[in-house]
>>> print(open('upload.json').read())   # JSON, C-alpha atoms
[["chain", "number", "residue", "atom", "x", "y", "z"],
["A", 264, "MET", "CA", 191.34, 125.21, 47.09],
["A", 265, "SER", "CA", 190.08, 123.14, 44.16],
["A", 266, "ARG", "CA", 192.83, 124.61, 42.04],
["A", 267, "TYR", "CA", 195.36, 123.49, 44.66],
["A", 268, "TYR", "CA", 194.08, 119.93, 44.62],
["A", 269, "ARG", "CA", 194.06, 119.88, 40.83],
["A", 270, "SER", "CA", 197.65, 121.02, 40.67],
["A", 271, "SER", "CA", 198.65, 118.46, 43.30],
["A", 272, "GLY", "CA", 197.01, 115.73, 41.24],
["A", 273, "GLU", "CA", 198.81, 116.91, 38.13],
["A", 274, "VAL", "CA", 202.13, 116.89, 39.98],
["A", 275, "LEU", "CA", 201.46, 113.37, 41.23],
["A", 276, "ILE", "CA", 200.62, 112.16, 37.73],
["A", 277, "ARG", "CA", 203.76, 113.78, 36.35],
["A", 278, "ILE", "CA", 205.87, 112.12, 39.03],
["A", 279, "ILE", "CA", 204.34, 108.73, 38.23],
["A", 280, "ILE", "CA", 204.94, 109.25, 34.50],
["A", 281, "VAL", "CA", 208.55, 110.26, 35.11],
["A", 282, "LEU", "CA", 209.16, 107.24, 37.34],
["A", 283, "VAL", "CA", 207.60, 104.88, 34.81],
["A", 284, "MET", "CA", 209.66, 106.37, 31.98],
["A", 285, "LEU", "CA", 212.83, 106.15, 34.07],
["A", 286, "PHE", "CA", 212.08, 102.49, 34.76],
["A", 287, "VAL", "CA", 211.52, 101.83, 31.05],
["A", 288, "CYS", "CA", 214.75, 103.66, 30.14],
["A", 289, "VAL", "CA", 216.79, 101.76, 32.71],
["A", 290, "THR", "CA", 215.42, 98.35, 31.71],
["A", 291, "THR", "CA", 215.96, 99.20, 28.03],
["A", 292, "LEU", "CA", 219.46, 100.65, 28.29],
["A", 293, "TYR", "CA", 220.90, 98.37, 30.97],
["A", 294, "PRO", "CA", 221.53, 95.36, 28.66],
["A", 295, "PHE", "CA", 223.53, 97.55, 26.29],
["A", 296, "TRP", "CA", 225.36, 99.18, 29.22],
["A", 297, "TYR", "CA", 226.17, 95.75, 30.64],
["A", 298, "ILE", "CA", 227.62, 94.58, 27.32],
["A", 299, "LEU", "CA", 229.65, 97.79, 27.00],
["A", 300, "VAL", "CA", 231.06, 97.53, 30.54],
["A", 301, "ALA", "CA", 231.76, 93.82, 30.28],
["A", 302, "SER", "CA", 233.57, 94.20, 26.96],
["A", 303, "PHE", "CA", 236.13, 96.52, 28.61],
["A", 304, "SER", "CA", 236.47, 94.46, 31.80],
["A", 305, "GLU", "CA", 238.95, 91.75, 32.71],
["A", 306, "PRO", "CA", 237.69, 88.47, 31.20],
["A", 307, "LEU", "CA", 238.13, 86.44, 34.39],
["A", 308, "GLU", "CA", 236.38, 89.10, 36.47],
["A", 309, "VAL", "CA", 233.38, 89.02, 34.15],
["A", 310, "VAL", "CA", 233.19, 85.25, 34.53],
["A", 311, "ARG", "CA", 233.40, 85.55, 38.33],
["A", 312, "ALA", "CA", 230.72, 88.27, 38.42],
["A", 313, "GLY", "CA", 228.18, 86.13, 36.65],
["A", 314, "GLY", "CA", 225.36, 88.63, 37.31],
["A", 315, "MET", "CA", 224.71, 92.35, 37.27],
["A", 316, "MET", "CA", 227.58, 94.72, 36.50],
["A", 317, "LEU", "CA", 227.21, 98.46, 36.92],
["A", 318, "TRP", "CA", 230.84, 99.37, 36.34],
["A", 319, "LEU", "CA", 234.12, 97.98, 35.04],
["A", 320, "ARG", "CA", 235.68, 94.96, 36.72],
["A", 321, "GLY", "CA", 239.23, 95.91, 35.98],
["A", 322, "PHE", "CA", 240.12, 97.29, 32.56],
["A", 323, "SER", "CA", 241.24, 95.32, 29.54],
["A", 324, "LEU", "CA", 241.27, 95.72, 25.76],
["A", 325, "TYR", "CA", 242.10, 92.07, 25.23],
["A", 326, "ALA", "CA", 238.64, 91.22, 23.89],
["A", 327, "TYR", "CA", 238.80, 93.98, 21.29],
["A", 328, "LYS", "CA", 242.26, 92.85, 20.23],
["A", 329, "GLU", "CA", 240.91, 89.35, 19.73],
["A", 330, "VAL", "CA", 238.01, 90.70, 17.69],
["A", 331, "PHE", "CA", 240.15, 92.74, 15.34],
["A", 332, "VAL", "CA", 242.70, 90.00, 14.77],
["A", 333, "HIS", "CA", 240.00, 87.49, 13.83],
["A", 334, "ARG", "CA", 240.83, 86.33, 10.33],
["A", 335, "LEU", "CA", 237.44, 87.32, 8.88],
["A", 336, "PHE", "CA", 236.29, 90.22, 11.01],
["A", 337, "LEU", "CA", 237.74, 93.16, 9.07],
["A", 338, "ARG", "CA", 236.93, 91.46, 5.79],
["A", 339, "SER", "CA", 233.33, 90.99, 6.86],
["A", 340, "TYR", "CA", 233.17, 94.66, 7.84],
["A", 341, "TYR", "CA", 234.29, 95.60, 4.35],
["A", 342, "ASN", "CA", 231.77, 93.20, 2.80],
["A", 343, "THR", "CA", 228.94, 94.69, 4.85],
["A", 344, "LEU", "CA", 229.86, 98.22, 3.76],
["A", 345, "VAL", "CA", 229.83, 97.09, 0.13],
["A", 346, "TYR", "CA", 226.46, 95.37, 0.52],
["A", 347, "LEU", "CA", 225.14, 98.41, 2.37],
["A", 348, "THR", "CA", 226.26, 100.92, -0.27],
["A", 349, "PHE", "CA", 225.05, 99.03, -3.33],
["A", 350, "GLY", "CA", 222.00, 97.66, -1.52],
["A", 351, "VAL", "CA", 220.62, 100.99, -0.30],
["A", 352, "ALA", "CA", 221.32, 102.58, -3.71],
["A", 353, "THR", "CA", 219.44, 99.78, -5.49],
["A", 354, "ASN", "CA", 216.60, 99.77, -2.97],
["A", 355, "MET", "CA", 216.03, 103.52, -3.10],
["A", 356, "PHE", "CA", 216.31, 103.70, -6.90],
["A", 357, "MET", "CA", 213.79, 100.92, -7.52],
["A", 358, "THR", "CA", 211.45, 101.91, -4.68],
["A", 359, "THR", "CA", 211.39, 105.58, -5.71],
["A", 360, "LEU", "CA", 210.66, 104.80, -9.35],
["A", 361, "ALA", "CA", 207.89, 102.34, -8.46],
["A", 362, "ALA", "CA", 206.35, 104.64, -5.86],
["A", 363, "TYR", "CA", 206.34, 107.66, -8.17],
["A", 364, "ALA", "CA", 204.88, 105.73, -11.12],
["A", 365, "LEU", "CA", 202.05, 104.39, -8.95],
["A", 366, "SER", "CA", 201.41, 107.77, -7.31],
["A", 367, "VAL", "CA", 200.72, 109.62, -10.57],
["A", 368, "LYS", "CA", 196.98, 109.99, -10.98],
["A", 369, "GLY", "CA", 195.27, 109.07, -14.22],
["A", 370, "ILE", "CA", 197.62, 106.26, -15.31],
["A", 371, "LYS", "CA", 195.61, 103.36, -16.67],
["A", 372, "GLY", "CA", 196.20, 100.04, -14.95],
["A", 373, "ALA", "CA", 197.94, 101.56, -11.92],
["A", 374, "GLY", "CA", 195.22, 100.27, -9.60],
["A", 375, "ALA", "CA", 195.54, 96.70, -10.90],
["A", 376, "VAL", "CA", 199.33, 96.81, -10.58],
["A", 377, "MET", "CA", 198.98, 98.10, -7.04],
["A", 378, "LYS", "CA", 196.68, 95.24, -6.13],
["A", 379, "VAL", "CA", 199.19, 92.72, -7.49],
["A", 380, "ILE", "CA", 201.96, 94.36, -5.45],
["A", 381, "VAL", "CA", 199.87, 94.33, -2.28],
["A", 382, "PHE", "CA", 199.06, 90.67, -2.93],
["A", 383, "THR", "CA", 202.77, 89.85, -2.55],
["A", 384, "MET", "CA", 202.66, 91.17, 1.03],
["A", 385, "PHE", "CA", 200.38, 88.31, 2.03],
["A", 386, "PHE", "CA", 201.45, 85.51, -0.29],
["A", 387, "GLY", "CA", 205.01, 84.75, -1.38],
["A", 388, "GLY", "CA", 206.66, 82.04, -3.42],
["A", 389, "GLY", "CA", 208.67, 80.77, -0.48],
["A", 390, "LEU", "CA", 212.34, 80.16, 0.13],
["A", 391, "ILE", "CA", 212.91, 77.28, -2.30],
["A", 392, "PRO", "CA", 211.40, 78.97, -5.39],
["A", 393, "THR", "CA", 213.31, 82.14, -4.54],
["A", 394, "TYR", "CA", 216.56, 80.20, -4.26],
["A", 395, "ILE", "CA", 215.88, 78.51, -7.62],
["A", 396, "VAL", "CA", 215.39, 81.92, -9.23],
["A", 397, "VAL", "CA", 218.60, 83.30, -7.71],
["A", 398, "ASP", "CA", 220.51, 80.18, -8.72],
["A", 399, "SER", "CA", 219.17, 80.29, -12.29],
["A", 400, "LEU", "CA", 220.43, 83.87, -12.55],
["A", 401, "ASN", "CA", 223.92, 82.71, -11.44],
["A", 402, "MET", "CA", 223.87, 85.00, -8.42],
["A", 403, "VAL", "CA", 224.61, 82.36, -5.77],
["A", 404, "ASP", "CA", 227.87, 83.14, -3.95],
["A", 405, "THR", "CA", 227.98, 86.66, -5.40],
["A", 406, "MET", "CA", 227.41, 90.07, -3.87],
["A", 407, "TRP", "CA", 224.35, 90.54, -6.11],
["A", 408, "SER", "CA", 222.46, 87.90, -4.16],
["A", 409, "GLN", "CA", 222.48, 90.16, -1.11],
["A", 410, "PHE", "CA", 220.35, 92.97, -2.55],
["A", 411, "VAL", "CA", 219.05, 92.29, -6.07],
["A", 412, "PRO", "CA", 216.37, 89.77, -4.94],
["A", 413, "TYR", "CA", 215.36, 92.28, -2.24],
["A", 414, "ALA", "CA", 215.36, 95.38, -4.44],
["A", 415, "ILE", "CA", 211.90, 96.57, -3.33],
["A", 416, "ASN", "CA", 210.19, 96.20, 0.00],
["A", 417, "THR", "CA", 206.45, 96.43, -0.62],
["A", 418, "TYR", "CA", 205.69, 98.12, 2.68],
["A", 419, "ASN", "CA", 208.35, 100.79, 2.15],
["A", 420, "MET", "CA", 207.14, 101.39, -1.39],
["A", 421, "ILE", "CA", 203.56, 101.94, -0.20],
["A", 422, "ILE", "CA", 204.73, 104.45, 2.42],
["A", 423, "LEU", "CA", 206.71, 106.36, -0.19],
["A", 424, "ARG", "CA", 203.83, 106.23, -2.68],
["A", 425, "THR", "CA", 201.49, 107.67, -0.05],
["A", 426, "ALA", "CA", 203.96, 110.47, 0.64],
["A", 427, "PHE", "CA", 204.20, 111.30, -3.06],
["A", 428, "ARG", "CA", 200.41, 111.38, -3.40],
["A", 429, "GLY", "CA", 200.25, 113.85, -0.53],
["A", 430, "ILE", "CA", 201.95, 116.54, -2.65],
["A", 431, "PRO", "CA", 199.34, 119.03, -3.95],
["A", 432, "ASP", "CA", 198.38, 118.44, -7.57],
["A", 433, "SER", "CA", 198.56, 122.17, -8.27],
["A", 434, "ILE", "CA", 202.35, 122.13, -7.91],
["A", 435, "GLU", "CA", 202.80, 119.38, -10.49],
["A", 436, "GLU", "CA", 200.23, 120.94, -12.81],
["A", 437, "ALA", "CA", 202.06, 124.27, -12.69],
["A", 438, "ALA", "CA", 205.33, 122.52, -13.52],
["A", 439, "THR", "CA", 203.67, 120.70, -16.42],
["A", 440, "ILE", "CA", 202.35, 123.99, -17.81],
["A", 441, "ASP", "CA", 205.88, 125.38, -17.62],
["A", 442, "GLY", "CA", 207.04, 122.49, -19.81],
["A", 443, "ALA", "CA", 208.60, 120.20, -17.18],
["A", 444, "THR", "CA", 208.84, 116.53, -18.11],
["A", 445, "PRO", "CA", 207.67, 113.79, -15.70],
["A", 446, "PHE", "CA", 211.30, 112.98, -14.88],
["A", 447, "LYS", "CA", 212.06, 116.61, -14.07],
["A", 448, "ILE", "CA", 208.91, 116.87, -11.95],
["A", 449, "MET", "CA", 210.01, 113.83, -9.98],
["A", 450, "THR", "CA", 213.62, 114.96, -9.44],
["A", 451, "MET", "CA", 213.05, 118.69, -8.97],
["A", 452, "ILE", "CA", 209.70, 118.77, -7.15],
["A", 453, "VAL", "CA", 208.49, 115.44, -5.79],
["A", 454, "LEU", "CA", 211.74, 114.13, -4.30],
["A", 455, "PRO", "CA", 212.78, 117.38, -2.51],
["A", 456, "LEU", "CA", 209.29, 117.79, -1.02],
["A", 457, "SER", "CA", 209.31, 114.16, 0.13],
["A", 458, "LEU", "CA", 212.82, 114.23, 1.62],
["A", 459, "PRO", "CA", 211.74, 113.24, 5.19],
["A", 460, "SER", "CA", 209.98, 110.11, 3.94],
["A", 461, "ILE", "CA", 212.87, 109.25, 1.63],
["A", 462, "MET", "CA", 215.39, 109.55, 4.48],
["A", 463, "VAL", "CA", 213.27, 107.32, 6.72],
["A", 464, "ILE", "CA", 212.85, 104.65, 4.02],
["A", 465, "GLY", "CA", 216.59, 104.78, 3.34],
["A", 466, "LEU", "CA", 217.21, 104.23, 7.05],
["A", 467, "TYR", "CA", 214.84, 101.25, 7.05],
["A", 468, "TYR", "CA", 216.76, 99.68, 4.19],
["A", 469, "ALA", "CA", 220.15, 100.44, 5.74],
["A", 470, "VAL", "CA", 219.24, 98.87, 9.09],
["A", 471, "GLU", "CA", 217.75, 95.84, 7.35],
["A", 472, "ILE", "CA", 220.93, 95.23, 5.33],
["A", 473, "TRP", "CA", 223.25, 95.93, 8.27],
["A", 474, "ASN", "CA", 221.43, 93.45, 10.52],
["A", 475, "SER", "CA", 220.92, 90.80, 7.86],
["A", 476, "TYR", "CA", 222.70, 87.47, 8.12],
["A", 477, "PHE", "CA", 220.05, 85.08, 6.76],
["A", 478, "ARG", "CA", 220.60, 86.19, 3.16],
["A", 479, "ALA", "CA", 224.29, 85.36, 3.35],
["A", 480, "LEU", "CA", 223.54, 82.13, 5.17],
["A", 481, "ILE", "CA", 221.46, 81.00, 2.20],
["A", 482, "TYR", "CA", 223.31, 82.34, -0.82],
["A", 483, "ILE", "CA", 226.96, 82.88, 0.18],
["A", 484, "ARG", "CA", 229.36, 79.92, 0.07],
["A", 485, "SER", "CA", 232.76, 81.59, 0.45],
["A", 486, "ASP", "CA", 233.58, 82.76, 3.96],
["A", 487, "THR", "CA", 235.56, 85.69, 2.52],
["A", 488, "LYS", "CA", 232.22, 87.12, 1.31],
["A", 489, "TYR", "CA", 230.44, 86.81, 4.66],
["A", 490, "PRO", "CA", 228.84, 90.00, 6.03],
["A", 491, "LEU", "CA", 229.59, 91.24, 9.51],
["A", 492, "GLN", "CA", 226.41, 89.88, 11.09],
["A", 493, "LEU", "CA", 227.16, 86.34, 9.94],
["A", 494, "ILE", "CA", 230.57, 86.49, 11.61],
["A", 495, "LEU", "CA", 228.87, 87.89, 14.71],
["A", 496, "ARG", "CA", 226.44, 84.99, 14.63],
["A", 497, "GLN", "CA", 229.32, 82.53, 14.45],
["A", 498, "VAL", "CA", 230.98, 84.18, 17.43],
["A", 499, "LEU", "CA", 227.81, 84.16, 19.51],
["A", 500, "LEU", "CA", 227.08, 80.56, 18.56],
["A", 501, "SER", "CA", 230.60, 79.37, 19.20],
["A", 502, "ASN", "CA", 229.65, 75.71, 19.01],
["A", 503, "ALA", "CA", 228.94, 76.22, 15.30],
["A", 504, "MET", "CA", 232.40, 77.55, 14.53],
["A", 505, "SER", "CA", 235.09, 75.57, 12.79],
["A", 506, "GLN", "CA", 237.95, 73.98, 14.70],
["A", 507, "GLN", "CA", 240.27, 76.63, 13.34],
["A", 508, "ASP", "CA", 238.23, 79.35, 15.05],
["A", 509, "MET", "CA", 237.53, 77.57, 18.32],
["A", 510, "ALA", "CA", 240.60, 79.16, 19.91],
["A", 511, "PHE", "CA", 238.91, 82.49, 19.26],
["A", 512, "VAL", "CA", 236.28, 81.65, 21.88],
["A", 513, "ASP", "CA", 238.35, 80.41, 24.79],
["A", 514, "THR", "CA", 236.45, 79.48, 27.93],
["A", 515, "ASN", "CA", 238.00, 82.35, 29.89],
["A", 516, "ILE", "CA", 237.62, 85.13, 27.32],
["A", 517, "GLY", "CA", 234.53, 83.92, 25.45],
["A", 518, "LEU", "CA", 232.08, 86.28, 27.16],
["A", 519, "THR", "CA", 234.11, 89.46, 26.70],
["A", 520, "VAL", "CA", 234.93, 88.58, 23.09],
["A", 521, "LYS", "CA", 231.24, 88.15, 22.33],
["A", 522, "TYR", "CA", 230.41, 91.44, 24.02],
["A", 523, "ALA", "CA", 233.19, 93.28, 22.18],
["A", 524, "THR", "CA", 231.96, 91.88, 18.88],
["A", 525, "ILE", "CA", 228.44, 93.11, 19.60],
["A", 526, "ILE", "CA", 229.70, 96.61, 20.46],
["A", 527, "VAL", "CA", 231.90, 96.89, 17.38],
["A", 528, "SER", "CA", 229.09, 95.76, 15.08],
["A", 529, "THR", "CA", 226.37, 97.89, 16.71],
["A", 530, "VAL", "CA", 228.02, 101.28, 17.22],
["A", 531, "PRO", "CA", 228.34, 102.25, 13.50],
["A", 532, "ILE", "CA", 224.62, 101.90, 12.77],
["A", 533, "LEU", "CA", 223.75, 103.71, 16.03],
["A", 534, "MET", "CA", 225.85, 106.66, 14.90],
["A", 535, "VAL", "CA", 223.55, 107.13, 11.91],
["A", 536, "TYR", "CA", 220.40, 107.73, 13.95],
["A", 537, "PRO", "CA", 221.21, 111.26, 15.27],
["A", 538, "PHE", "CA", 221.54, 112.52, 11.68],
["A", 539, "ILE", "CA", 218.20, 110.95, 10.60],
["A", 540, "GLN", "CA", 216.20, 111.59, 13.76],
["A", 541, "LYS", "CA", 214.84, 114.98, 12.66],
["A", 542, "TYR", "CA", 213.30, 113.33, 9.59],
["A", 543, "PHE", "CA", 212.06, 110.22, 11.32],
["A", 544, "VAL", "CA", 208.73, 111.17, 12.92],
["A", 545, "LYS", "CA", 207.78, 113.62, 10.18],
["A", 546, "GLY", "CA", 208.63, 111.17, 7.41],
["A", 547, "VAL", "CA", 206.66, 108.28, 8.86],
["A", 548, "MET", "CA", 203.62, 110.45, 9.60],
["A", 549, "ILE", "CA", 203.58, 111.93, 6.08],
["A", 550, "GLY", "CA", 203.85, 108.52, 4.48],
["A", 551, "SER", "CA", 201.23, 106.86, 6.65],
["A", 552, "ILE", "CA", 198.48, 109.47, 7.01],
["A", 553, "LYS", "CA", 198.27, 111.53, 3.84],
["A", 554, "GLY", "CA", 196.53, 110.25, 0.72]]
>>> encode(input="upload.json", output="structure tokens")
Amino acid sequence: MSRYYRSSGEVLIRIIIVLVMLFVCVTTLYPFWYILVASFSEPLEVVRAGGMMLWLRGFSLYAYKEVFVHRLFLRSYYNTLVYLTFGVATNMFMTTLAAYALSVKGIKGAGAVMKVIVFTMFFGGGLIPTYIVVDSLNMVDTMWSQFVPYAINTYNMIILRTAFRGIPDSIEEAATIDGATPFKIMTMIVLPLSLPSIMVIGLYYAVEIWNSYFRALIYIRSDTKYPLQLILRQVLLSNAMSQQDMAFVDTNIGLTVKYATIIVSTVPILMVYPFIQKYFVKGVMIGSIKG
């Protein structure tokens, strides 16, 4: 009898957990579902609905047509891909080198350097000094301003350093005895064994660059160099757009155009997650617990 009551209690707890998780999933996914449905609906029907939408109100691709014919949209997509490619390459190259150098045991001064790096997590120069540095290097209104000043994220570097330090010393010592150089040890042993953490850090950098608009807002002057998120920001904040673009956000189609812009800019980065998911939990746990 006691076993029966225990199993009934377990079933009840499981039901409650399932219901709570379903509620969380619905409240989390509904905003995205609403934007997706509204972007394919008739513009006037979306305006009339004004509230919850569970399915299409008519069917129209007009909003997507307006998005793709925007004079800067495709150009901004190209700019974002360029910033993403060069940015992630620069970030991973600099972060990996710094993390490996600071993870090697026995290097004199590594502890002091690490303390200086950690200090930058709590105290920074601020926006104005950073802008002066970027301007003095003649990087204002260039693609370099979008990733060179942000070459290393201290938090990501510490995670990667911790993952490197979690590799057994015996493996590196055996490679050293066999005549392997530090560079070969890093490329042939350390990096393959730390692949989950490297993939996760690369994803962090990619999402940060893809979602970034503040960098371009500060350093980019030419609208032909704007990234995608800055164009998206202009569309969402239609009152900040120029008179030439005001027709792009007509009172009748403004909502669906905004929703279509959000979908087009969000889907590509969402498509990356399934390929990185198997590394995600393992990579974060390795980089945050070991060492």
>>> closest_residue(input="upload.json", among="A:Val351, A:Ala523, A:Leu335, A:Leu360", to="Met462 of chain A", atoms="all atoms listed in the file")
A:Val351
>>> closest_residue(input="upload.json", among="A:Leu365, A:Val300, A:Leu344, A:Met377", to="Ser323 of chain A", atoms="all atoms listed in the file")
A:Val300
>>> atom_distance(input="upload.json", atom1="atom CA of Ile526 of chain A", atom2="atom CA of Trp296 of chain A")
10.1 Å
>>> closest_residue(input="upload.json", among="A:Arg496, A:Ile481, A:Lys488, A:Val381", to="Val397 of chain A", atoms="only C-alpha atoms")
A:Ile481
>>> axis_aligned_box(input="upload.json", around="segment 457-461 of chain A", padding_each_side="6 Å", output="JSON")
{"center_x": 211.1, "center_y": 111.7, "center_z": 2.7, "size_x": 15.6, "size_y": 17.0, "size_z": 17.1}
>>> residues_around(input="upload.json", residues="Leu466 of chain A", least_positions_apart="3", cutoff="12 Å", atoms="all atoms listed in the file", output="number ranges by chain")
A: 347, 350-352, 354-355, 419, 459-463, 469-473, 532-540, 542-543, 546-547
>>> residues_around(input="upload.json", residues="segment 446-455 of chain A", least_positions_apart="5", cutoff="9 Å", atoms="all atoms listed in the file", output="ChimeraX atom specification")
/A:359,363,427,430,434-435,438-439,461
>>> closest_residue(input="upload.json", among="A:Leu493, A:Thr290, A:Thr487, A:Val274", to="Arg334 of chain A", atoms="all atoms listed in the file")
A:Thr487
>>> atom_distance(input="upload.json", atom1="atom CA of Gln497 of chain A", atom2="atom CA of Ser339 of chain A")
12.1 Å
>>> residues_around(input="upload.json", residues="Ala414 of chain A", least_positions_apart="3", cutoff="7 Å", atoms="only C-alpha atoms", output="VMD selection string")
chain A and resid 353 to 354 357 410 to 411
>>> closest_residue(input="upload.json", among="A:Lys371, A:Ala362, A:Tyr482, A:Ala312", to="Val396 of chain A", atoms="all atoms listed in the file")
A:Tyr482
>>> closest_residue(input="upload.json", among="A:Ile525, A:Ala364, A:Ile298, A:Met315", to="Pro445 of chain A", atoms="all atoms listed in the file")
A:Ala364
>>> atom_distance(input="upload.json", atom1="atom CA of Arg338 of chain A", atom2="atom CA of Thr519 of chain A")
21.2 Å
>>> residues_around(input="upload.json", residues="Tyr476 of chain A", least_positions_apart="3", cutoff="8 Å", atoms="all atoms listed in the file", output="mmCIF file with C-alpha atoms, in the frame of the given file")
data_model
loop_
_atom_site.group_PDB
_atom_site.id
_atom_site.type_symbol
_atom_site.label_atom_id
_atom_site.label_comp_id
_atom_site.auth_asym_id
_atom_site.auth_seq_id
_atom_site.Cartn_x
_atom_site.Cartn_y
_atom_site.Cartn_z
ATOM 1 C CA ALA A 479 224.290 85.360 3.350
ATOM 2 C CA LEU A 480 223.540 82.130 5.170
ATOM 3 C CA PRO A 490 228.840 90.000 6.030
ATOM 4 C CA LEU A 491 229.590 91.240 9.510
ATOM 5 C CA GLN A 492 226.410 89.880 11.090
ATOM 6 C CA LEU A 493 227.160 86.340 9.940
ATOM 7 C CA ARG A 496 226.440 84.990 14.630
#
